[in-house]
Structure formats: structure tokens, C-alpha cells
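Novice: Dumping the structure here so I can ask a few things about it.
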Amino acid sequence: MENHFESNPLIDRLPKHLKQFIKPQVYEDYTPINQAVWRYVMRKNVSYLSNVAHNSYLNGLKQTGISVDNIPNMYGMNRILKEIGWAAVAVDGFIPPNDFMEFQAYNVLVIACDIRQLEHIEYTPAPDIIHEGAGHAPIIANPEYAEYLRRFGEIGCKAISSSRDYEMYEAIRLLSILKEAEGTPEAEIKKAEDQVEFLQNNMGELSEMSRIRNLHWWTVEYGLIGTPENPKIYGAGLLSSIGESAWCMTDEVKKIPYDISAADKSFDITKPQPQLYVTPDFAHLSLVLEEFANKMAVRTGGLSGIKKLIYSNSLGTIELSTGLQISGHFSNVIEEDGKPVYVQTKGNTALAYREKELVGHGTQYHAEGFGSPIGKLKGINLAIEDMSPRDLRAYDIYEAEKVTLDFEGNITVTGEIVTGTRNIQGEIMLIKFKNCTVTHNDTVLFKPEWGIYDMAVGKKVISAFSGPADVDSFDMINHVASSHTIKAKKSPEREELEKLYLNIRQIREGKVQLKTIEQTFEIIKNNHPNDWLLAVEMVELLHQNDTAGILPQVLIYLEKLKSNRPEIAHLINGGLELIFEKENA
């Protein structure tokens, strides 16, 4: 059955390979307990964060339509986000980093629409709607920060991964799902934790993607703003965690001025962060991002860029100085004196110019790969791309001429020129040969019997980046996650508890109630003695109107619960403080 989701102009313009991650937000799936978890976290956050969060946060809550009392409806959010030039889509947990960042480049916020369990109300390693909706969405109402986020996505989606990065993504995704799922055996969690730890310790040299993900983590997710002595919170991971938002403000967490060195500081999603970075303002974030981008292969190209693509074993693109873009899986590069002199792809390859596939040069035509020399001809200072028509004629680079081209690096191309393809500036960027032989010293790289040889023209590689130049050149509708988020288990006990939460919610909203607070309290005591949040919600109602005179009983019940379950005592205290804080002010 095909999934459908409500769209809008910003979502409509997403490429197909991103749309494959979008899933509908089935609002009816949120249970009364889910709603209570959202409300508790949001009430705590708004109360606490009003003092420690950047002022953009509270302003953004109003601008983006995030309600304290109800889990946001994605489509309602989209109508409001549209006013600030953004949109939101629902996905299933973590998605691959390049795709996540590419969504940002299109001004689309990715929201994992599941919500954490009550047992993980303070923090979950899994992305959920509290983290995404209450953390990311409000802060993008700040135009300067929103542009940083968009620009980060634009640059980040071009970052080249290592062959191990995807393994790490899958391992972290699985671990977050298992830790959030109800009743996962400890041995299964331990196995997943061990795999993440193993990969963290055996990643080798950090890839571009690993390093830019570090920058993303220490800014977008866990960033502080201001001074190390007086920081404010703007990172979504902190804004959405009632535990870490308080912890991060203590002296236990080291505060470091933010600079490009954060790219080399890895993180552990399963533990509180021992240090955080503080940016003086949002503009500084963009300065560091550009400093990092200047060192990425997308801007430096060259031999190192090609080698990064080969090591990634993933679809990537190089761009030559003529603007010709070669997209495919790069398998080999021949080098001399630190420069590439020949490059080779394997399997489906496409050629493009300015992100548009060249007619006749798609993956069907180049299904067996593509290889070409790069650089200048021996003994000639003038590169082919810089030659005038008179120069080309002088060197027999002309239709129907048989020619031998000796490139620096001992690459030789011999064959009969069929035609050439020029870029918009009139430079030749592709030459087609028949009866062609290509060699490197004594090694044959192309034989006449293999058919037509297309030779790229470019004196150097000016860019190398992840993904294809033209997204329509390749079939990228192939995402199959190895793990899926696990829904809460249903049982008669859970269903009864959900009905009790719904009953209290309806009382608070002035709707028809199924049972009185007194009846609800009796059932909780007898059938659900470990549940604490519903009793806190009862105190809130009884503090306003206690006609039955049971408020003292509920408070005694909570005190006993704190003794029996000391690990949740601070959560109960936190809920009660919200109720009685005005009275004690």
C-alpha cells in the first residue's frame, strides 16, 4: 500500500530520492500517555528554558505554532513554517547523514514523528518529535540561524563519507531503536553498544562527513551561545532534554569557545556530553562553516578529492576545469607528481554540465564505467580547453582527423576524432573518438574493439563531492533500512492505563469524563503502582479544585513512590514544582 502525506510547495520540489524517506504522520497513533509525556517535557522546558535558552527559542515556539499541551500536528506546523520559508516532513528515526543534510539544504526540517517512552522522558538517543519539533523547529524562526542551517545542509550533503560511515550510521540507528524500544533484552542492547564502540574506535582517519557531523553535533544539536562564563542554549538536543538542559549549565560540563577544532571532536550519543562549545553569536557559526568548507574536496578537488571518492566506495562526482562533471563509483586514479593523470569509474556513470546530464551521456550509455586522462599535453603549455580554433587545427584536434595525444603522465590517446562537445564559454569539454586506443606506458586502458571512446577535457579536477551532479541521472530510490522503529507493546494493563490518562486529559480540557479523579486514583494505586506522571497530572487538577478532598492522599502516594523508585524522584519533584511554583513565588 502506498503511503501518502500532505505536501506543500517546498516539499513538492524535493527530489525523488529524498521523498522516499517521508512517511505520513498518523496523528491518531499518539496515545494519551504520549500526549502526557509531551506536555510534561514542554511545561518543564518552557519554565526552565525561559531563563537559560537563547531568546529565539521562546519567540520561535510562538512563531512555529508549537503547543505546550499537544503534540504538534505536522501539517498544522507546515502552514505556519511556510511563513518563515521552511517546511517539515515526518521520517522513521535516523536517516543517512547526507540525505538528512540535503533536506536542510531545501529548507525542509526532518522530524522523526515517534515519541519517547515515559521511561525515557528525560532523554532518548533516538530522534523523536520532542527533539525535532520542540528542539529544532522553534529556533529556525531566527532568520540568521535558519540560513546557517540551510547553508550547513547545502555544504554537508556534499561531504564525502568513508566506507565505514554507513556502518556507523546503521549501528547507531539500531542502538537508538533498541534503547528506546520497550523491554529490549539487556544482552541485545549490550551487543549493539559494543558494535558502536568498536566502530568509534576503528574509524581510521575521520572522513569529511564524520568531521562535518561533529560540527553539526556541537552546534545544531548541542550548541551554546554567548560566553563560556554566561552561555545560553540553542542546540536542539539540549532544548529537548530536561535532563541535559540543566546538566549542561553546571560546572561539571566544560565550556569551550567554538572554532574549527570542534570538527575533530567526536561524540557519543548514548551519554551526557562532558564538554560543549560556545559560539559568541550565530554569525560566527557561518564563519567556521565556511572555513571548514574551504578545506573540503567540493572546493579543493585534486588528487585527494578523487582518492576520497574511491575510498568512500559510494556514488560521487568530480568536476573538471571545463565544467564537465563525471558521476559514478570511482575505482582508480593514476597519479604522477601528486597530480591525477587518469581517472576511472566502474559501472553506471553519467556526464553532466552545470548539474544537467549531457544528452546521450547517461548511465545506459556509460553502463560499463568511464575513464579519461586529466591534465595537459606533453610539451605544450596551452591546455586543450584554452586552445582557439586555430590552435586546435594546428594540433590536428579536429573532426575526422586521426590524432595521437600524448598527455603528461604518459597517457596516450590515439584515434579518429568524431566530434567535440563545448561548454557555454566555447571551450571543448568532451571529445569523441572511434578506432581509439588509450595507454598508460605499456598498460592498455581502452581498445578500439570496445567501441566509441569519449575523452573528458580538463587540465585539473576543481571539485569532488558526494552524490551525482544531476540527481535524475541515477535511480536512488533504493533506501532499505536494516532496522525499523519498534512501537510500544499493547496489553490489557496498558490499554487500561491509556484510558485513565485520557480521562484525566478530558477532565482538564472540560470534556466528558468517564471516571472521577477519585475513581482514577483508586485504579492507579491498585493496578498501576509504578506510574507517576498521571498522579502528578491529578495533583495539578486537584490543586485547582479538590471537592473530594483527596489531594493529600495523592501527594502521600507520590512521596511513597519517590521512596520506592528514587530514580524518578526528581521527575516527580519537577512536576510538582511546576504546579506549586506560583504559590511559593
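Residue names in the C-alpha cells use chain letters A, B, ... in the order shown, residue numbers from 1 in each chain, and ligand numbers from 1 in the order shown.
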What's the 8 Å shell around Leu49 in chain A, counting only C-alpha atoms, without same-chain residues fewer than 3 positions away, as an mmCIF file with C-alpha atoms, in the first residue's frame?

Specialist:
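Result file result23.cif:
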data_model
loop_
_atom_site.group_PDB
_atom_site.id
_atom_site.type_symbol
_atom_site.label_atom_id
_atom_site.label_comp_id
_atom_site.auth_asym_id
_atom_site.auth_seq_id
_atom_site.Cartn_x
_atom_site.Cartn_y
_atom_site.Cartn_z
ATOM 1 C CA ASN A 45 11.254 23.160 29.273
ATOM 2 C CA VAL A 46 9.322 26.384 28.863
ATOM 3 C CA VAL A 52 18.719 29.683 30.070
ATOM 4 C CA ALA A 53 17.743 29.393 26.380
ATOM 5 C CA LEU A 239 16.425 22.249 24.214
ATOM 6 C CA SER A 245 19.478 21.276 29.637
#

Novice: Running DSSP on the backbone, which parts of range 318-384 of chain A land in strand (DSSP E), as an NGL selection string?

Specialist: :A and (318-320 or 324-336 or 339-353 or 356-357 or 371-373)

Novice: So that I can check the surroundings of Asn294 in chain A, please list as a list in words every protein, DNA and RNA residue that reaches within 12 Å of it, counting only C-alpha atoms and ignoring chain neighbours fewer than 5 positions away.

Specialist: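 Contacts, with the query itself left out: Ile155, Ala159, Glu208, Ile260, Leu287, Val288, Leu289, Arg299, Thr300, Gly301 and Ser463 of chain A.
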
Novice: Would you mind writing down, as a ChimeraX atom specification, each residue of range 466-574 of chain A that DSSP on the backbone assigns to helix (DSSP H, G or I)?

Specialist: /A:492-508,517-527,533-544,551-564,566-574

Novice: Please, could you write that set of residues out with C-alpha atoms as a short mmCIF file (atom, residue, chain, number, x, y, z; two decimals), in the first residue's frame?

Specialist:
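Okay, this is what ended up in result_31.cif:
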data_model
loop_
_atom_site.label_atom_id
_atom_site.label_comp_id
_atom_site.auth_asym_id
_atom_site.auth_seq_id
_atom_site.Cartn_x
_atom_site.Cartn_y
_atom_site.Cartn_z
CA PRO A 492 -4.85 -5.09 28.77
CA GLU A 493 -2.88 -3.28 31.51
CA ARG A 494 -1.50 -0.71 29.03
CA GLU A 495 -4.92 -0.14 27.48
CA GLU A 496 -6.47 0.46 30.92
CA LEU A 497 -3.69 2.92 31.79
CA GLU A 498 -4.15 4.77 28.48
CA LYS A 499 -7.87 5.17 29.26
CA LEU A 500 -7.04 6.61 32.68
CA TYR A 501 -4.65 9.16 31.09
CA LEU A 502 -7.35 10.04 28.56
CA ASN A 503 -9.86 10.51 31.35
CA ILE A 504 -7.63 12.99 33.21
CA ARG A 505 -6.90 14.80 29.95
CA GLN A 506 -10.61 15.16 29.25
CA ILE A 507 -11.24 16.47 32.75
CA ARG A 508 -8.52 19.10 32.25
CA ILE A 517 -10.40 11.79 39.71
CA GLU A 518 -11.10 9.83 42.88
CA GLN A 519 -12.03 6.68 40.90
CA THR A 520 -9.00 7.12 38.66
CA PHE A 521 -6.71 7.44 41.66
CA GLU A 522 -8.02 4.19 43.18
CA ILE A 523 -7.34 2.28 39.97
CA ILE A 524 -3.84 3.73 39.69
CA LYS A 525 -2.98 2.72 43.25
CA ASN A 526 -4.31 -0.80 42.84
CA ASN A 527 -3.39 -1.66 39.23
CA LEU A 533 3.07 11.01 35.73
CA LEU A 534 -0.69 10.52 35.92
CA ALA A 535 -0.64 11.15 39.67
CA VAL A 536 1.26 14.40 39.02
CA GLU A 537 -1.40 15.42 36.49
CA MET A 538 -4.06 14.68 39.12
CA VAL A 539 -2.29 16.96 41.61
CA GLU A 540 -2.42 19.74 39.02
CA LEU A 541 -6.22 19.40 38.73
CA LEU A 542 -6.81 18.90 42.43
CA HIS A 543 -4.71 21.94 43.29
CA GLN A 544 -7.27 23.96 41.35
CA LEU A 551 -5.14 15.92 47.22
CA PRO A 552 -3.29 14.96 50.43
CA GLN A 553 -3.73 11.25 49.57
CA VAL A 554 -2.27 11.73 46.10
CA LEU A 555 0.70 13.67 47.50
CA ILE A 556 1.35 10.91 50.08
CA TYR A 557 1.16 8.35 47.25
CA LEU A 558 3.79 10.30 45.30
CA GLU A 559 6.05 10.54 48.35
CA LYS A 560 5.91 6.76 48.74
CA LEU A 561 6.62 6.35 45.04
CA LYS A 562 9.69 8.56 45.39
CA SER A 563 10.96 6.28 48.16
CA ASN A 564 10.23 3.12 46.20
CA PRO A 566 14.36 7.01 43.84
CA GLU A 567 15.47 7.20 40.17
CA ILE A 568 12.28 9.12 39.32
CA ALA A 569 12.06 11.25 42.49
CA HIS A 570 13.47 14.31 40.70
CA LEU A 571 10.90 13.94 37.92
CA ILE A 572 8.05 13.91 40.42
CA ASN A 573 9.57 16.89 42.21
CA GLY A 574 9.93 18.68 38.90
#

Novice: To one decimal place in Å, what is the distance between CA of Ala367 in chain A and CA of Glu319 in chain A?

Specialist: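 One can read the CA of Ala367 in chain A to CA of Glu319 in chain A distance as 19.5 Å.
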
Novice: Which residue gives the smallest distance to Leu118 in chain A among A:Asp337, A:Glu147, A:Glu180, A:Asp99, with only C-alpha atoms counted?

Specialist: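 For Leu118 in chain A, the nearest of the given residues is A:Glu180.
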
Novice: Would you compute the distance between CA of Val91 in chain A and CA of Asp531 in chain A? Give it in Å to one decimal.

Specialist: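 Pair CA of Val91 in chain A / CA of Asp531 in chain A returns 29.8 Å.
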
Novice: Contacts of range 348-359 of chain A at 7 Å or less, counting only C-alpha atoms, minus same-chain residues fewer than 6 places along, as number ranges by chain?

Specialist: A: 323-328, 366-370, 469-470, 473

Novice: Please write the residues from the selection above to a file, keeping N, CA, C and O atoms, as a PDB file, in the first residue's frame.

Specialist:
ATOM      1  N   GLY A 323      34.200  22.440 -16.495  1.00  0.00           N
ATOM      2  CA  GLY A 323      32.822  22.354 -16.007  1.00  0.00           C
ATOM      3  C   GLY A 323      32.204  20.989 -16.227  1.00  0.00           C
ATOM      4  O   GLY A 323      31.097  20.725 -15.745  1.00  0.00           O
ATOM      5  N   LEU A 324      32.901  20.100 -16.960  1.00  0.00           N
ATOM      6  CA  LEU A 324      32.378  18.752 -17.169  1.00  0.00           C
ATOM      7  C   LEU A 324      32.356  18.016 -15.829  1.00  0.00           C
ATOM      8  O   LEU A 324      33.341  18.018 -15.086  1.00  0.00           O
ATOM      9  N   GLN A 325      31.221  17.378 -15.542  1.00  0.00           N
ATOM     10  CA  GLN A 325      31.053  16.645 -14.287  1.00  0.00           C
ATOM     11  C   GLN A 325      30.890  15.152 -14.587  1.00  0.00           C
ATOM     12  O   GLN A 325      30.078  14.757 -15.415  1.00  0.00           O
ATOM     13  N   ILE A 326      31.700  14.345 -13.920  1.00  0.00           N
ATOM     14  CA  ILE A 326      31.671  12.900 -14.090  1.00  0.00           C
ATOM     15  C   ILE A 326      31.138  12.292 -12.796  1.00  0.00           C
ATOM     16  O   ILE A 326      31.729  12.469 -11.733  1.00  0.00           O
ATOM     17  N   SER A 327      30.005  11.577 -12.888  1.00  0.00           N
ATOM     18  CA  SER A 327      29.374  10.995 -11.701  1.00  0.00           C
ATOM     19  C   SER A 327      29.358   9.477 -11.805  1.00  0.00           C
ATOM     20  O   SER A 327      28.955   8.921 -12.834  1.00  0.00           O
ATOM     21  N   GLY A 328      29.778   8.812 -10.759  1.00  0.00           N
ATOM     22  CA  GLY A 328      29.779   7.354 -10.731  1.00  0.00           C
ATOM     23  C   GLY A 328      30.514   6.849  -9.507  1.00  0.00           C
ATOM     24  O   GLY A 328      30.795   7.601  -8.568  1.00  0.00           O
ATOM     25  N   HIS A 366      26.912   4.891 -20.588  1.00  0.00           N
ATOM     26  CA  HIS A 366      28.168   4.629 -19.867  1.00  0.00           C
ATOM     27  C   HIS A 366      27.928   3.578 -18.779  1.00  0.00           C
ATOM     28  O   HIS A 366      28.303   3.769 -17.611  1.00  0.00           O
ATOM     29  N   ALA A 367      27.329   2.464 -19.162  1.00  0.00           N
ATOM     30  CA  ALA A 367      26.968   1.433 -18.180  1.00  0.00           C
ATOM     31  C   ALA A 367      28.178   0.647 -17.682  1.00  0.00           C
ATOM     32  O   ALA A 367      28.122   0.027 -16.615  1.00  0.00           O
ATOM     33  N   GLU A 368      29.263   0.666 -18.431  1.00  0.00           N
ATOM     34  CA  GLU A 368      30.446  -0.116 -18.056  1.00  0.00           C
ATOM     35  C   GLU A 368      31.544   0.742 -17.441  1.00  0.00           C
ATOM     36  O   GLU A 368      32.687   0.314 -17.324  1.00  0.00           O
ATOM     37  N   GLY A 369      31.218   1.948 -17.088  1.00  0.00           N
ATOM     38  CA  GLY A 369      32.215   2.830 -16.497  1.00  0.00           C
ATOM     39  C   GLY A 369      32.747   3.843 -17.488  1.00  0.00           C
ATOM     40  O   GLY A 369      32.359   3.885 -18.657  1.00  0.00           O
ATOM     41  N   PHE A 370      33.638   4.694 -16.993  1.00  0.00           N
ATOM     42  CA  PHE A 370      34.171   5.780 -17.813  1.00  0.00           C
ATOM     43  C   PHE A 370      35.592   6.071 -17.361  1.00  0.00           C
ATOM     44  O   PHE A 370      35.880   6.126 -16.155  1.00  0.00           O
ATOM     45  N   ALA A 469      25.971  14.647  -9.989  1.00  0.00           N
ATOM     46  CA  ALA A 469      25.790  16.037 -10.400  1.00  0.00           C
ATOM     47  C   ALA A 469      24.320  16.301 -10.700  1.00  0.00           C
ATOM     48  O   ALA A 469      23.745  17.294 -10.256  1.00  0.00           O
ATOM     49  N   ASP A 470      23.701  15.406 -11.467  1.00  0.00           N
ATOM     50  CA  ASP A 470      22.280  15.504 -11.800  1.00  0.00           C
ATOM     51  C   ASP A 470      21.571  14.368 -11.064  1.00  0.00           C
ATOM     52  O   ASP A 470      21.805  13.194 -11.335  1.00  0.00           O
ATOM     53  N   SER A 473      20.040  11.442 -12.911  1.00  0.00           N
ATOM     54  CA  SER A 473      20.855  10.521 -13.709  1.00  0.00           C
ATOM     55  C   SER A 473      20.837   9.093 -13.164  1.00  0.00           C
ATOM     56  O   SER A 473      21.049   8.142 -13.901  1.00  0.00           O
TER      57      SER A 473
END

Novice: Calculate how many Å separate CA of Glu252 in chain A from CA of Tyr40 in chain A, rounding to one decimal.

Specialist: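 Here the two named atoms are 25.8 Å from each other.
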
Novice: Could you check the closest approach to Met203 in chain A for each of A:Tyr277, A:Phe292, A:Phe465, A:Tyr166 and tell me which residue wins, using only C-alpha atoms?

Specialist: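 For Met203 in chain A, the nearest of the candidates is A:Tyr166.
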
Novice: So which one's closest to Phe446 in chain A, A:His131, A:Gly467, A:Lys307, A:Gly415? Using only C-alpha atoms, please.

Specialist: A:Gly415

Novice: Mind checking which residues fall within 10 Å of Cys436 in chain A, counting only C-alpha atoms, ignoring those fewer than 2 positions away in the same chain, and posting them as a count of residues only?

Specialist: 21

Novice: Applying 10 Å and only C-alpha atoms, which residues near Ser162 in chain A remain after dropping the ones on its own chain fewer than 4 positions away? List them as a list of chain:residue names.

Specialist: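 What passes the distance filter is A:Tyr166, A:Glu167, A:Met203, A:Gly204, A:Glu205, A:Leu206, A:Ser207, A:Glu208, A:Met209, A:Ser210, A:Lys308, A:Leu309, A:Ile310, A:Tyr311, A:Ser312, A:Asn313, A:Ser314.
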
Novice: Those same residues, written as a compact mmCIF listing (two decimals), in the first residue's frame with N, CA, C and O atoms?

Specialist:
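Contents of again.txt, freshly written:
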# COMPACT_ATOMS: atom_id res chain seq x y z
N TYR A 166 28.75 4.55 6.77
CA TYR A 166 27.40 3.99 6.68
C TYR A 166 27.22 2.87 7.70
O TYR A 166 26.14 2.72 8.28
N GLU A 167 28.28 2.11 7.97
CA GLU A 167 28.22 1.11 9.03
C GLU A 167 27.90 1.76 10.37
O GLU A 167 27.09 1.25 11.15
N MET A 203 37.46 3.78 13.24
CA MET A 203 37.00 4.52 12.07
C MET A 203 38.15 4.93 11.16
O MET A 203 37.94 5.31 10.00
N GLY A 204 39.38 4.85 11.67
CA GLY A 204 40.50 5.34 10.88
C GLY A 204 40.47 6.86 10.83
O GLY A 204 39.89 7.53 11.68
N GLU A 205 41.08 7.41 9.79
CA GLU A 205 41.08 8.87 9.63
C GLU A 205 39.66 9.36 9.40
O GLU A 205 38.91 8.78 8.60
N LEU A 206 39.26 10.40 10.13
CA LEU A 206 37.89 10.89 10.02
C LEU A 206 37.61 11.40 8.61
O LEU A 206 38.39 12.15 8.04
N SER A 207 36.50 10.98 8.06
CA SER A 207 36.09 11.44 6.73
C SER A 207 35.52 12.85 6.82
O SER A 207 35.28 13.38 7.90
N GLU A 208 35.29 13.44 5.65
CA GLU A 208 34.63 14.75 5.63
C GLU A 208 33.28 14.70 6.32
O GLU A 208 32.91 15.59 7.07
N MET A 209 32.53 13.62 6.04
CA MET A 209 31.20 13.51 6.64
C MET A 209 31.30 13.38 8.16
O MET A 209 30.53 14.01 8.89
N SER A 210 32.24 12.58 8.65
CA SER A 210 32.40 12.45 10.10
C SER A 210 32.73 13.79 10.73
O SER A 210 32.20 14.15 11.78
N LYS A 308 39.42 10.33 -2.00
CA LYS A 308 38.33 10.26 -1.02
C LYS A 308 37.12 9.55 -1.62
O LYS A 308 36.47 8.74 -0.95
N LEU A 309 36.83 9.84 -2.88
CA LEU A 309 35.69 9.20 -3.53
C LEU A 309 35.95 7.71 -3.72
O LEU A 309 35.03 6.89 -3.54
N ILE A 310 37.16 7.36 -4.09
CA ILE A 310 37.48 5.93 -4.26
C ILE A 310 37.33 5.20 -2.92
O ILE A 310 36.73 4.13 -2.84
N TYR A 311 37.84 5.82 -1.86
CA TYR A 311 37.78 5.19 -0.54
C TYR A 311 36.35 5.08 -0.03
O TYR A 311 36.00 4.15 0.70
N SER A 312 35.51 6.02 -0.42
CA SER A 312 34.13 6.01 0.06
C SER A 312 33.33 4.84 -0.50
O SER A 312 32.36 4.39 0.09
N ASN A 313 33.74 4.37 -1.69
CA ASN A 313 33.02 3.28 -2.36
C ASN A 313 31.55 3.63 -2.57
O ASN A 313 30.68 2.76 -2.57
N SER A 314 31.28 4.91 -2.75
CA SER A 314 29.91 5.39 -2.92
C SER A 314 29.83 6.28 -4.15
O SER A 314 30.84 6.74 -4.68

Novice: May I have the residues within 6 Å of range 13-24 of chain A as a PyMOL selection string, using only C-alpha atoms and disregarding those fewer than 4 positions away in the same chain?

Specialist: chain A and resi 5+90-91+476-477
